[in-house]
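J.: Coordinates in final15.cif, mmCIF, C-alpha atoms, are listed below.
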```
data_my_file
loop_
_atom_site.label_atom_id
_atom_site.label_comp_id
_atom_site.auth_asym_id
_atom_site.auth_seq_id
_atom_site.Cartn_x
_atom_site.Cartn_y
_atom_site.Cartn_z
CA MET Q 313 5.99 -18.39 -43.42
CA LYS Q 314 3.33 -15.85 -44.37
CA THR Q 315 -0.31 -16.93 -44.35
CA ASP Q 316 -0.61 -16.52 -48.14
CA GLU Q 317 2.39 -18.79 -48.58
CA LEU Q 318 0.79 -21.33 -46.28
CA VAL Q 319 -2.44 -21.17 -48.30
CA THR Q 320 -0.52 -21.79 -51.52
CA MET Q 321 1.42 -24.62 -49.93
CA LEU Q 322 -1.72 -26.34 -48.64
CA ALA Q 323 -3.53 -26.01 -51.97
CA THR Q 324 -0.62 -27.20 -54.13
CA GLY Q 325 -1.05 -30.82 -55.17
CA ALA Q 326 -3.88 -31.26 -52.66
CA GLY Q 327 -5.71 -33.72 -54.90
CA ALA Q 328 -9.16 -35.19 -54.46
CA VAL Q 329 -10.48 -36.43 -51.13
CA GLU Q 330 -12.47 -39.62 -50.72
CA SER Q 331 -16.01 -38.45 -50.01
CA ASN Q 332 -17.04 -41.19 -47.58
CA ALA Q 333 -13.74 -41.45 -45.70
CA LEU Q 334 -15.39 -40.89 -42.33
CA THR Q 335 -18.05 -43.57 -42.71
CA ARG Q 336 -15.49 -46.01 -44.05
CA ARG Q 337 -13.34 -45.51 -40.97
CA PHE Q 338 -16.20 -46.32 -38.62
CA VAL Q 339 -17.30 -49.31 -40.71
CA ILE Q 340 -13.76 -50.70 -40.36
CA ALA Q 341 -13.75 -49.96 -36.61
CA THR Q 342 -17.17 -51.62 -36.17
CA GLY Q 343 -15.96 -54.67 -38.09
CA TRP Q 344 -12.91 -55.07 -35.87
CA GLY Q 345 -15.02 -54.44 -32.79
CA LEU Q 346 -17.51 -57.14 -33.76
CA LEU Q 347 -14.73 -59.55 -34.62
CA GLY Q 348 -12.94 -58.89 -31.33
CA ALA Q 349 -16.13 -59.33 -29.31
CA ALA Q 350 -16.98 -62.53 -31.18
CA ALA Q 351 -13.48 -63.89 -30.45
CA LEU Q 352 -13.81 -62.98 -26.76
CA MET Q 353 -17.21 -64.64 -26.58
CA ALA Q 354 -15.97 -67.79 -28.31
CA LEU Q 355 -13.11 -67.98 -25.81
CA LEU Q 356 -14.98 -67.13 -22.62
CA LEU Q 357 -18.70 -67.70 -22.97
CA GLY Q 358 -19.93 -69.41 -26.11
CA VAL Q 359 -23.26 -68.87 -27.86
CA ARG Q 360 -26.43 -69.59 -25.90
CA HIS Q 361 -27.06 -73.35 -25.78
CA ASP Q 362 -30.75 -73.05 -26.68
CA LEU Q 363 -30.26 -70.86 -29.76
CA ALA Q 364 -32.15 -73.30 -32.02
CA GLN Q 365 -35.29 -73.05 -29.85
CA ALA Q 366 -34.85 -69.39 -29.02
CA VAL Q 367 -35.15 -68.24 -32.64
CA ALA Q 368 -38.77 -69.41 -32.59
CA HIS Q 369 -39.50 -67.01 -29.74
CA PRO Q 370 -40.65 -63.49 -30.83
CA MET Q 371 -38.85 -61.95 -27.84
CA PHE Q 372 -35.53 -63.23 -29.20
CA TRP Q 373 -36.03 -61.06 -32.28
CA VAL Q 374 -37.26 -58.10 -30.23
CA LYS Q 375 -34.06 -58.35 -28.19
CA LEU Q 376 -31.86 -58.63 -31.27
CA THR Q 377 -33.60 -55.65 -32.92
CA TYR Q 378 -33.20 -53.66 -29.69
CA VAL Q 379 -29.42 -54.18 -29.48
CA ALA Q 380 -29.01 -53.67 -33.24
CA ALA Q 381 -30.94 -50.37 -33.00
CA LEU Q 382 -28.74 -49.29 -30.09
CA ALA Q 383 -25.65 -50.13 -32.14
CA LEU Q 384 -26.98 -48.09 -35.05
CA ALA Q 385 -27.54 -45.15 -32.69
CA GLY Q 386 -23.96 -45.52 -31.45
CA PHE Q 387 -22.69 -45.51 -35.04
CA ILE Q 388 -24.64 -42.34 -35.86
CA ALA Q 389 -23.40 -40.71 -32.64
CA VAL Q 390 -19.69 -41.28 -33.34
CA SER Q 391 -20.11 -40.20 -36.97
CA ARG Q 392 -21.73 -36.93 -35.90
CA LEU Q 393 -19.32 -36.30 -33.03
CA SER Q 394 -16.36 -36.67 -35.41
CA ARG Q 395 -17.60 -33.92 -37.74
CA PRO Q 396 -17.04 -30.39 -36.46
CA GLY Q 397 -20.32 -28.52 -36.09
CA ALA Q 398 -22.59 -31.47 -36.93
CA SER Q 399 -25.97 -31.62 -35.20
CA LEU Q 400 -26.50 -34.41 -32.65
CA LEU Q 401 -30.28 -34.41 -32.88
CA VAL Q 402 -30.57 -37.47 -35.11
CA ALA Q 403 -28.20 -39.43 -32.85
CA ALA Q 404 -30.18 -38.49 -29.74
CA VAL Q 405 -33.47 -39.55 -31.36
CA ALA Q 406 -31.94 -42.79 -32.65
CA LEU Q 407 -30.79 -43.60 -29.13
CA ALA Q 408 -34.01 -42.58 -27.39
CA VAL Q 409 -36.38 -44.59 -29.64
CA PRO Q 410 -35.19 -48.15 -28.81
CA VAL Q 411 -34.71 -47.30 -25.13
CA LEU Q 412 -38.16 -45.76 -24.72
CA LEU Q 413 -39.85 -48.58 -26.65
CA MET Q 414 -38.09 -51.16 -24.48
CA TRP Q 415 -39.14 -49.27 -21.33
CA ALA Q 416 -42.75 -49.16 -22.56
CA LEU Q 417 -42.65 -52.91 -23.17
CA ALA Q 418 -41.06 -53.40 -19.73
CA GLY Q 419 -43.84 -51.36 -18.14
CA ALA Q 420 -46.47 -53.49 -19.85
CA GLU Q 421 -44.78 -56.74 -18.75
CA LEU Q 422 -44.42 -55.54 -15.17
CA THR Q 423 -48.03 -54.40 -14.79
CA GLN Q 424 -49.32 -57.75 -16.01
CA ALA Q 425 -47.06 -59.78 -13.69
CA ASN Q 426 -47.46 -60.64 -9.99
CA ALA Q 427 -44.79 -59.81 -7.39
CA THR Q 428 -42.58 -62.90 -7.85
CA GLU Q 429 -42.79 -62.71 -11.63
CA ARG Q 430 -41.79 -59.08 -11.47
CA ASN Q 431 -38.55 -59.94 -9.71
CA ALA Q 432 -37.80 -62.61 -12.29
CA LEU Q 433 -38.51 -60.18 -15.16
CA LEU Q 434 -36.24 -57.50 -13.78
CA TYR Q 435 -33.36 -59.51 -12.34
CA GLY Q 436 -33.51 -62.71 -14.39
CA GLN Q 437 -30.69 -65.04 -13.41
CA THR Q 438 -27.71 -63.01 -14.56
CA TRP Q 439 -28.23 -59.37 -13.57
CA ARG Q 440 -24.96 -59.35 -11.64
CA SER Q 441 -22.73 -60.49 -14.49
CA CYS Q 442 -24.58 -59.02 -17.49
CA PRO Q 443 -23.37 -55.37 -17.33
CA LEU Q 444 -19.77 -56.38 -16.62
CA LEU Q 445 -19.70 -58.95 -19.42
CA ILE Q 446 -21.14 -56.42 -21.88
CA ALA Q 447 -18.44 -53.97 -20.82
CA ALA Q 448 -15.79 -56.67 -21.29
CA MET Q 449 -17.13 -57.55 -24.76
CA SER Q 450 -16.92 -53.88 -25.74
CA VAL Q 451 -13.17 -53.52 -25.12
CA PRO Q 452 -11.99 -54.36 -28.68
CA ALA Q 453 -14.62 -52.04 -30.18
CA PHE Q 454 -13.60 -49.33 -27.72
CA PHE Q 455 -10.03 -49.25 -28.98
CA ALA Q 456 -11.10 -49.59 -32.62
CA THR Q 457 -13.55 -46.67 -32.31
CA LEU Q 458 -10.99 -44.46 -30.60
CA TRP Q 459 -8.55 -45.29 -33.40
CA ALA Q 460 -11.18 -44.26 -35.97
CA MET Q 461 -11.85 -41.00 -34.14
CA THR Q 462 -8.21 -39.97 -33.84
CA GLY Q 463 -8.05 -39.67 -37.64
CA LEU Q 464 -11.12 -37.41 -37.65
CA ALA Q 465 -12.02 -34.13 -35.96
CA PRO Q 466 -14.05 -34.37 -32.73
CA THR Q 467 -14.35 -30.90 -31.18
CA ARG Q 468 -16.28 -31.76 -28.01
CA LEU Q 469 -13.80 -34.23 -26.60
CA ARG Q 470 -15.62 -35.42 -23.49
CA LEU Q 471 -18.81 -35.99 -25.43
CA ALA Q 472 -16.87 -37.63 -28.26
CA GLY Q 473 -15.17 -39.98 -25.78
CA ALA Q 474 -18.57 -40.83 -24.31
CA GLY Q 475 -19.91 -41.45 -27.83
CA ALA Q 476 -17.01 -43.79 -28.59
CA GLY Q 477 -17.76 -45.66 -25.36
CA LEU Q 478 -21.46 -45.80 -26.20
CA ALA Q 479 -20.82 -47.14 -29.68
CA SER Q 480 -18.44 -49.82 -28.42
CA GLY Q 481 -20.82 -50.73 -25.57
CA THR Q 482 -23.64 -51.32 -28.04
CA ILE Q 483 -21.37 -53.54 -30.16
CA GLY Q 484 -20.47 -55.49 -27.02
CA ALA Q 485 -24.17 -55.77 -26.12
CA PHE Q 486 -25.06 -56.97 -29.61
CA VAL Q 487 -22.58 -59.85 -29.48
CA TYR Q 488 -23.35 -60.64 -25.84
CA SER Q 489 -27.07 -60.87 -26.63
CA LEU Q 490 -26.33 -64.07 -28.59
CA HIS Q 491 -24.93 -65.66 -25.43
CA CYS Q 492 -27.39 -64.31 -22.89
CA THR Q 493 -30.64 -66.25 -22.31
CA GLU Q 494 -32.54 -63.42 -20.59
CA MET Q 495 -35.73 -62.43 -22.40
CA GLY Q 496 -37.50 -60.04 -19.98
CA ALA Q 497 -38.01 -56.50 -21.29
CA PRO Q 498 -37.32 -54.99 -17.82
CA PHE Q 499 -33.99 -56.87 -17.80
CA LEU Q 500 -33.02 -55.65 -21.27
CA GLY Q 501 -34.14 -52.11 -20.50
CA SER Q 502 -31.95 -51.87 -17.39
CA TRP Q 503 -28.95 -54.21 -17.21
CA TYR Q 504 -28.14 -54.07 -20.90
CA LEU Q 505 -28.27 -50.31 -20.74
CA LEU Q 506 -26.06 -50.28 -17.65
CA GLY Q 507 -23.56 -52.48 -19.51
CA VAL Q 508 -23.46 -49.95 -22.34
CA LEU Q 509 -23.09 -47.06 -19.90
CA ILE Q 510 -19.91 -48.48 -18.34
CA PRO Q 511 -17.72 -47.96 -21.45
CA THR Q 512 -19.62 -44.69 -22.07
CA ALA Q 513 -18.43 -43.36 -18.71
CA VAL Q 514 -14.87 -44.60 -19.31
CA GLY Q 515 -14.90 -42.89 -22.71
CA ALA Q 516 -16.09 -39.61 -21.19
CA LEU Q 517 -13.20 -39.77 -18.73
CA LEU Q 518 -10.55 -40.55 -21.36
CA GLY Q 519 -11.87 -38.47 -24.27
CA PRO Q 520 -10.24 -35.12 -23.45
CA ARG Q 521 -6.90 -36.86 -22.98
CA LEU Q 522 -6.90 -39.23 -25.95
CA LEU Q 523 -8.77 -37.39 -28.67
CA ARG Q 524 -6.90 -34.06 -28.91
CA TRP Q 525 -5.75 -33.03 -32.36
CA MET J 681 -19.40 -15.40 -43.99
CA ARG J 682 -23.16 -16.03 -44.23
CA ALA J 683 -23.34 -14.15 -47.52
CA ASN J 684 -20.33 -16.04 -48.80
CA GLU J 685 -21.48 -19.42 -47.51
CA GLN J 686 -22.78 -20.69 -50.83
CA ARG J 687 -19.80 -19.50 -52.86
CA LEU J 688 -17.21 -20.80 -50.39
CA ARG J 689 -19.06 -24.09 -50.07
CA ASP J 690 -19.02 -24.55 -53.85
CA LEU J 691 -15.30 -23.79 -53.94
CA LEU J 692 -14.57 -26.28 -51.17
CA ILE J 693 -16.63 -29.03 -52.80
CA GLN J 694 -14.83 -28.47 -56.10
CA GLY J 695 -11.56 -28.50 -54.16
CA LEU J 696 -12.43 -31.78 -52.46
CA GLY J 697 -13.13 -33.14 -55.91
CA GLY J 698 -9.55 -32.38 -56.93
CA ASP J 699 -9.79 -28.82 -58.37
CA ALA J 700 -6.64 -27.18 -56.99
CA VAL J 701 -7.51 -23.69 -58.28
CA ALA J 702 -10.90 -23.72 -56.54
CA TYR J 703 -9.32 -25.09 -53.39
CA HIS J 704 -6.72 -22.32 -53.39
CA ALA J 705 -9.44 -19.70 -53.78
CA PHE J 706 -11.37 -21.34 -50.95
CA LEU J 707 -8.42 -21.29 -48.54
CA LYS J 708 -7.54 -17.71 -49.47
CA ASP J 709 -11.05 -16.45 -48.76
CA LEU J 710 -11.28 -18.60 -45.68
CA SER J 711 -8.10 -17.14 -44.21
CA ARG J 712 -9.63 -13.67 -44.45
CA HIS J 713 -12.78 -14.88 -42.76
CA LEU J 714 -10.86 -16.75 -40.04
CA ARG J 715 -8.77 -13.66 -39.34
CA ALA J 716 -11.89 -11.55 -38.72
CA PHE J 717 -13.53 -14.32 -36.69
CA LEU J 718 -10.49 -14.87 -34.46
CA ARG J 719 -9.60 -11.20 -34.13
CA ARG J 720 -13.03 -10.54 -32.60
CA ARG J 721 -12.42 -13.32 -30.08
CA LEU J 722 -8.79 -12.55 -29.28
CA ARG J 723 -9.03 -8.83 -28.58
CA SER J 724 -6.72 -9.15 -25.60
CA LEU J 725 -4.11 -11.12 -27.57
CA PRO J 726 -3.82 -9.45 -30.99
CA ASP J 727 -0.34 -10.88 -31.51
CA GLU J 728 -1.68 -14.42 -31.39
CA VAL J 729 -4.25 -13.91 -34.14
CA GLU J 730 -2.12 -14.64 -37.20
CA ASP J 731 -0.55 -17.73 -35.61
CA LEU J 732 -4.02 -19.03 -34.82
CA VAL J 733 -5.26 -18.25 -38.35
CA GLN J 734 -2.43 -20.43 -39.69
CA GLU J 735 -3.13 -23.16 -37.17
CA ALA J 736 -6.83 -23.16 -38.08
CA LEU J 737 -6.04 -23.25 -41.83
CA LEU J 738 -3.79 -26.24 -41.29
CA ALA J 739 -6.54 -27.90 -39.24
CA VAL J 740 -9.15 -27.23 -41.94
CA HIS J 741 -6.84 -28.73 -44.54
CA ASN J 742 -5.84 -31.78 -42.47
CA GLN J 743 -9.44 -32.55 -41.48
CA ARG J 744 -11.13 -31.59 -44.75
CA HIS J 745 -12.34 -35.17 -45.19
CA THR J 746 -14.71 -34.61 -42.24
CA TYR J 747 -16.78 -32.01 -44.12
CA ASP J 748 -20.17 -33.34 -45.18
CA SER J 749 -21.51 -31.53 -48.25
CA GLY J 750 -25.01 -31.56 -46.70
CA GLN J 751 -23.77 -29.58 -43.71
CA PRO J 752 -23.57 -25.77 -43.42
CA LEU J 753 -19.95 -24.77 -44.08
CA THR J 754 -20.09 -21.96 -41.53
CA ALA J 755 -20.90 -24.38 -38.70
CA TRP J 756 -18.05 -26.68 -39.71
CA VAL J 757 -15.45 -23.91 -40.01
CA HIS J 758 -16.50 -22.17 -36.81
CA ALA J 759 -16.43 -25.41 -34.82
CA ILE J 760 -12.84 -26.00 -35.97
CA ALA J 761 -11.77 -22.41 -35.29
CA LYS J 762 -13.35 -22.41 -31.83
CA TYR J 763 -11.74 -25.75 -31.02
CA LYS J 764 -8.32 -24.37 -31.90
CA LEU J 765 -9.05 -21.18 -29.97
CA VAL J 766 -9.99 -23.13 -26.82
CA ASP J 767 -6.92 -25.31 -27.31
CA LEU J 768 -4.73 -22.21 -27.48
CA MET J 769 -6.27 -20.86 -24.26
CA ARG J 770 -5.68 -24.19 -22.55
CA ARG J 771 -2.04 -24.21 -23.65
CA ARG J 772 -1.57 -20.66 -22.43
CA ALA J 773 -3.24 -21.42 -19.10
CA SER J 774 -0.87 -24.31 -18.50
CA ARG J 775 2.12 -22.13 -19.36
CA ASP J 776 3.25 -19.18 -17.30
CA VAL J 777 0.97 -16.35 -18.40
CA LEU J 778 2.19 -13.70 -15.96
CA THR J 779 4.58 -12.18 -18.46
CA ASP J 780 1.91 -11.60 -21.08
CA PRO J 781 0.29 -8.21 -21.39
CA LEU J 782 -3.21 -9.61 -20.88
CA GLY J 783 -5.98 -7.10 -21.17
CA ASP J 784 -3.97 -4.48 -23.03
CA GLU J 785 -6.22 -2.62 -25.38
CA ASN J 786 -4.25 -2.74 -28.59
CA ASP J 787 -7.23 -2.17 -30.85
CA VAL J 788 -5.90 1.21 -31.91
CA PHE J 789 -2.91 -0.41 -33.51
CA SER J 790 -4.63 -3.40 -35.02
CA THR J 791 -4.92 -3.49 -38.77
CA ALA J 792 -8.16 -3.88 -40.68
CA ASP J 793 -9.79 -7.29 -40.41
CA GLY J 794 -8.82 -8.42 -43.86
CA ASP J 795 -5.09 -7.66 -43.61
CA ALA J 796 -2.61 -10.26 -42.49
CA ALA J 797 -0.26 -9.37 -39.69
CA GLU J 798 3.07 -11.18 -39.43
CA ALA J 799 2.80 -14.58 -37.86
CA ARG J 800 5.14 -14.89 -34.89
CA ARG J 801 5.63 -18.59 -35.22
CA ASP J 802 7.45 -19.57 -38.40
CA LEU J 803 5.90 -22.70 -39.86
CA GLY J 804 8.88 -22.88 -42.24
CA LYS J 805 11.18 -23.44 -39.25
CA LEU J 806 8.86 -26.10 -37.80
CA LEU J 807 8.86 -27.76 -41.21
CA GLU J 808 12.66 -27.99 -41.15
CA GLN J 809 12.46 -30.01 -37.93
CA LEU J 810 10.38 -32.78 -39.52
CA PRO J 811 12.13 -36.04 -40.43
CA ASP J 812 13.27 -36.38 -44.07
CA ARG J 813 10.53 -38.85 -45.02
CA GLN J 814 7.97 -36.10 -44.28
CA ARG J 815 9.99 -32.96 -44.92
CA LEU J 816 11.23 -33.85 -48.42
CA PRO J 817 7.80 -34.82 -49.82
CA ILE J 818 6.33 -31.57 -48.45
CA ILE J 819 9.14 -29.46 -49.91
CA HIS J 820 8.98 -31.05 -53.37
CA VAL J 821 5.23 -31.56 -53.72
CA LYS J 822 3.74 -28.73 -51.67
CA LEU J 823 6.33 -25.96 -51.95
CA GLU J 824 7.98 -26.61 -55.32
CA GLY J 825 4.80 -27.93 -56.92
CA ARG J 826 6.35 -31.13 -58.32
CA SER J 827 4.25 -34.18 -59.03
CA VAL J 828 4.27 -37.18 -56.72
CA ALA J 829 6.00 -39.28 -59.39
CA GLU J 830 8.76 -36.68 -59.88
CA THR J 831 9.26 -36.41 -56.13
CA ALA J 832 9.51 -40.17 -55.85
CA GLN J 833 12.26 -40.12 -58.49
CA ILE J 834 14.22 -37.31 -56.80
CA THR J 835 14.01 -38.76 -53.30
CA GLY J 836 14.16 -42.45 -54.14
CA MET J 837 10.96 -42.98 -52.15
CA SER J 838 8.00 -44.92 -53.50
CA THR J 839 5.01 -42.87 -54.71
CA SER J 840 2.84 -44.12 -51.86
CA ALA J 841 5.57 -43.19 -49.35
CA VAL J 842 5.61 -39.67 -50.84
CA LYS J 843 1.83 -39.32 -50.43
CA VAL J 844 1.95 -40.69 -46.88
CA GLY J 845 4.88 -38.38 -46.10
CA VAL J 846 2.94 -35.28 -47.18
CA HIS J 847 -0.15 -36.35 -45.26
CA ARG J 848 1.65 -37.33 -42.04
CA GLY J 849 4.04 -34.39 -42.30
CA LEU J 850 1.21 -31.85 -42.32
CA LYS J 851 -0.34 -33.61 -39.33
CA ALA J 852 3.03 -33.63 -37.56
CA LEU J 853 3.30 -29.90 -38.24
CA SER J 854 -0.02 -29.39 -36.50
CA ALA J 855 1.14 -31.54 -33.57
CA ARG J 856 4.35 -29.48 -33.26
CA ILE J 857 2.32 -26.29 -33.09
CA ARG J 858 0.45 -27.75 -30.14
CA GLY J 859 3.76 -28.57 -28.50
CA ASP J 860 3.55 -32.36 -28.49
CA LYS J 861 6.07 -34.02 -30.76
#
```
Could you spell out this file's structure in structure tokens?
T.:
Amino acid sequence: MKTDELVTMLATGAGAVESNALTRRFVIATGWGLLGAAALMALLLGVRHDLAQAVAHPMFWVKLTYVAALALAGFIAVSRLSRPGASLLVAAVALAVPVLLMWALAGAELTQANATERNALLYGQTWRSCPLLIAAMSVPAFFATLWAMTGLAPTRLRLAGAGAGLASGTIGAFVYSLHCTEMGAPFLGSWYLLGVLIPTAVGALLGPRLLRW
Amino acid sequence: MRANEQRLRDLLIQGLGGDAVAYHAFLKDLSRHLRAFLRRRLRSLPDEVEDLVQEALLAVHNQRHTYDSGQPLTAWVHAIAKYKLVDLMRRRASRDVLTDPLGDENDVFSTADGDAAEARRDLGKLLEQLPDRQRLPIIHVKLEGRSVAETAQITGMSTSAVKVGVHRGLKALSARIRGDK
């Protein structure tokens, strides 16, 4: 087939293309990811027992905003990474802002605390299980996000895989935050982030293999 | 392409809106641009250029829903072309490359940037290997220019199956080029 014939073939009956197809795909993936994580949490962990009291605590809302902002950054990252040639600047800024703000808050909490309080702020009671549980909660979102990406056009596959892992990790963290009773900024700024980085690393490993097109 | 950016972008956006004439003009101009772009980067493999132009055109078409109208068209097209170029190099590296005349300076014989050479891989033959549910919709809709409804009548498929067949068939064609079925 000559190239001109191919051009004619591709153009014939091509029809209109839905303009927000990419966003719609990630909205669907995020929905399934949230649903999957919620189902896992209902089965394994349950919602935090003191939720009724916790909502009166400002730190509860800071924590929820933090994980929601991370999830938004993940969403922007996968959207950008799935468009050939799209700039990643906005995604990088969106990711850096909540992390740096949480670290600033952590710094302030740590400088005001004495030695024993510092340990409690950083390690809480659940530092061992938190990153692994966040990673576990992110599994449904991980597969959903990879599914969304395979219908799109990531060109930097390792980075795209990492982005898919990041996005699913933040969805896992968002749902997990409704179970977890930790409220220390140093805890949220470290163990939550580590939990998100586990699927990010797995995604970076698998990306070049799974996302080729 | 920089000078043409605005014009090509307008054509693509009209094409994405359903204007087949504009879309045809876009692809035709784009193939010329892709040929020049890839020929500069494949100096040692001039015989591969036209195959890669076709592969990149198919990729642009299959992934056209990832273009954001707020984004420079050049960046989008070049990212796709480079991705396919790197993919080609990876495929060649994993195959036996000893028999290829790497490094031969064939520039003397190469045609001007705008002219198409013969493609070595025949997409028509690859098309014949697709299963009927993809091959027939592509033949009737894309090659013979029939409507989806007409094609559904001829093949006995539902209209949505015809649309899915075209869509999946073109993706399968791209997968066969890469060598995975």
J.: Measuring between all atoms listed in the file, which one of Q:Gly419, Q:Gly345, Q:Gly475, Q:Pro396 shows the shortest distance to chain J?
T.: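 Of all the options, Q:Pro396 lies closest to chain J.
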J.: What residues in chain J have any atom no more than 8 Å from chain Q when counting all atoms listed in the file, and can you write them as a JSON list (two decimals) with C-alpha atoms, keeping the file's coordinate frame?
T.:
```json
[["chain", "number", "residue", "atom", "x", "y", "z"],
["J", 695, "GLY", "CA", -11.56, -28.50, -54.16],
["J", 696, "LEU", "CA", -12.43, -31.78, -52.46],
["J", 697, "GLY", "CA", -13.13, -33.14, -55.91],
["J", 698, "GLY", "CA", -9.55, -32.38, -56.93],
["J", 699, "ASP", "CA", -9.79, -28.82, -58.37],
["J", 700, "ALA", "CA", -6.64, -27.18, -56.99],
["J", 701, "VAL", "CA", -7.51, -23.69, -58.28],
["J", 703, "TYR", "CA", -9.32, -25.09, -53.39],
["J", 704, "HIS", "CA", -6.72, -22.32, -53.39],
["J", 707, "LEU", "CA", -8.42, -21.29, -48.54],
["J", 708, "LYS", "CA", -7.54, -17.71, -49.47],
["J", 711, "SER", "CA", -8.10, -17.14, -44.21],
["J", 730, "GLU", "CA", -2.12, -14.64, -37.20],
["J", 733, "VAL", "CA", -5.26, -18.25, -38.35],
["J", 734, "GLN", "CA", -2.43, -20.43, -39.69],
["J", 737, "LEU", "CA", -6.04, -23.25, -41.83],
["J", 738, "LEU", "CA", -3.79, -26.24, -41.29],
["J", 741, "HIS", "CA", -6.84, -28.73, -44.54],
["J", 743, "GLN", "CA", -9.44, -32.55, -41.48],
["J", 745, "HIS", "CA", -12.34, -35.17, -45.19],
["J", 746, "THR", "CA", -14.71, -34.61, -42.24],
["J", 747, "TYR", "CA", -16.78, -32.01, -44.12],
["J", 748, "ASP", "CA", -20.17, -33.34, -45.18],
["J", 751, "GLN", "CA", -23.77, -29.58, -43.71],
["J", 755, "ALA", "CA", -20.90, -24.38, -38.70],
["J", 756, "TRP", "CA", -18.05, -26.68, -39.71],
["J", 757, "VAL", "CA", -15.45, -23.91, -40.01],
["J", 758, "HIS", "CA", -16.50, -22.17, -36.81],
["J", 759, "ALA", "CA", -16.43, -25.41, -34.82],
["J", 760, "ILE", "CA", -12.84, -26.00, -35.97],
["J", 763, "TYR", "CA", -11.74, -25.75, -31.02],
["J", 796, "ALA", "CA", -2.61, -10.26, -42.49],
["J", 798, "GLU", "CA", 3.07, -11.18, -39.43],
["J", 799, "ALA", "CA", 2.80, -14.58, -37.86],
["J", 802, "ASP", "CA", 7.45, -19.57, -38.40],
["J", 803, "LEU", "CA", 5.90, -22.70, -39.86],
["J", 804, "GLY", "CA", 8.88, -22.88, -42.24],
["J", 821, "VAL", "CA", 5.23, -31.56, -53.72],
["J", 822, "LYS", "CA", 3.74, -28.73, -51.67],
["J", 823, "LEU", "CA", 6.33, -25.96, -51.95],
["J", 825, "GLY", "CA", 4.80, -27.93, -56.92],
["J", 827, "SER", "CA", 4.25, -34.18, -59.03],
["J", 854, "SER", "CA", -0.02, -29.39, -36.50],
["J", 855, "ALA", "CA", 1.14, -31.54, -33.57]]
```
J.: Choose the residue, out of Q:Val402, Q:Leu417, Q:Met461, Q:Ala516, that has the smallest atom-to-atom separation from Q:Val339; count all atoms listed in the file.
T.: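 Smallest separation from Q:Val339 among the options: Q:Met461.
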J.: What does the distance between atom CA of Q:Phe454 and atom CA of Q:Leu346 come to in Å, to one decimal place?
T.: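 Result for atom CA of Q:Phe454 versus atom CA of Q:Leu346: 10.6 Å, one decimal.
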J.: Figure out the distance between atom CA of J:Leu768 and atom CA of J:Phe706, please, to one decimal in Å.
T.: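 Here the two named atoms are 24.4 Å from each other.
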J.: Between J:Leu710, J:Val740, J:Arg858, J:Leu688, which one has atoms that come closest to J:Asp767, using only C-alpha atoms?
T.: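 Answer, going by the shortest atom-to-atom distance: J:Arg858.
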J.: What does the distance from atom CA of Q:Ala383 to atom CA of Q:Phe338 come to in Å, to one decimal?
T.: 12.1 Å
J.: Centre and edge lengths, as AutoDock Vina command-line options, for the axis-aligned box enclosing every listed atom of stretch 830-849 of chain J with 3 Å of padding on each of the six sides, in Å to one decimal?
T.:
```
--center_x 7.0 --center_y -39.7 --center_z -51.0 --size_x 20.4 --size_y 16.5 --size_z 23.8
```
J.: Pick from Q:Thr377, Q:Gln424, Q:Thr482, Q:Ser441: nearest to Q:Leu357, with all atoms listed in the file counted?
T.: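 Once distances to Q:Leu357 are computed over all atoms listed in the file, the minimum belongs to Q:Ser441.
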J.: Any chance you could work out the residue set of the PyMOL selection byres ((chain J and resi 845) around 10) here, as a list in words?
T.: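 Selection result, ordered by chain and number: Pro811, Asp812, Arg813, Gln814, Arg815, Leu816, Pro817, Ile818, Met837, Thr839, Ser840, Ala841, Val842, Lys843, Val844, Val846, His847, Arg848, Gly849, Leu850, Lys851 and Ala852 of chain J.
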J.: Is it possible to add N, CA and C atoms to stretch 333-340 of chain Q and hand it back as a short mmCIF file (atom, residue, chain, number, x, y, z; two decimals), in the frame of the given file?
T.:
```cif
data_model
loop_
_atom_site.label_atom_id
_atom_site.label_comp_id
_atom_site.auth_asym_id
_atom_site.auth_seq_id
_atom_site.Cartn_x
_atom_site.Cartn_y
_atom_site.Cartn_z
N ALA Q 333 -14.86 -40.98 -46.51
CA ALA Q 333 -13.74 -41.45 -45.70
C ALA Q 333 -14.14 -41.69 -44.24
N LEU Q 334 -15.00 -40.80 -43.73
CA LEU Q 334 -15.39 -40.89 -42.33
C LEU Q 334 -16.20 -42.16 -42.06
N THR Q 335 -17.21 -42.38 -42.90
CA THR Q 335 -18.05 -43.57 -42.71
C THR Q 335 -17.22 -44.84 -42.84
N ARG Q 336 -16.32 -44.82 -43.84
CA ARG Q 336 -15.49 -46.01 -44.05
C ARG Q 336 -14.66 -46.34 -42.81
N ARG Q 337 -14.15 -45.30 -42.18
CA ARG Q 337 -13.34 -45.51 -40.97
C ARG Q 337 -14.15 -46.18 -39.87
N PHE Q 338 -15.39 -45.73 -39.69
CA PHE Q 338 -16.20 -46.32 -38.62
C PHE Q 338 -16.72 -47.71 -39.00
N VAL Q 339 -16.92 -47.96 -40.29
CA VAL Q 339 -17.30 -49.31 -40.71
C VAL Q 339 -16.17 -50.29 -40.38
N ILE Q 340 -14.92 -49.85 -40.68
CA ILE Q 340 -13.76 -50.70 -40.36
C ILE Q 340 -13.68 -50.93 -38.84
#
```
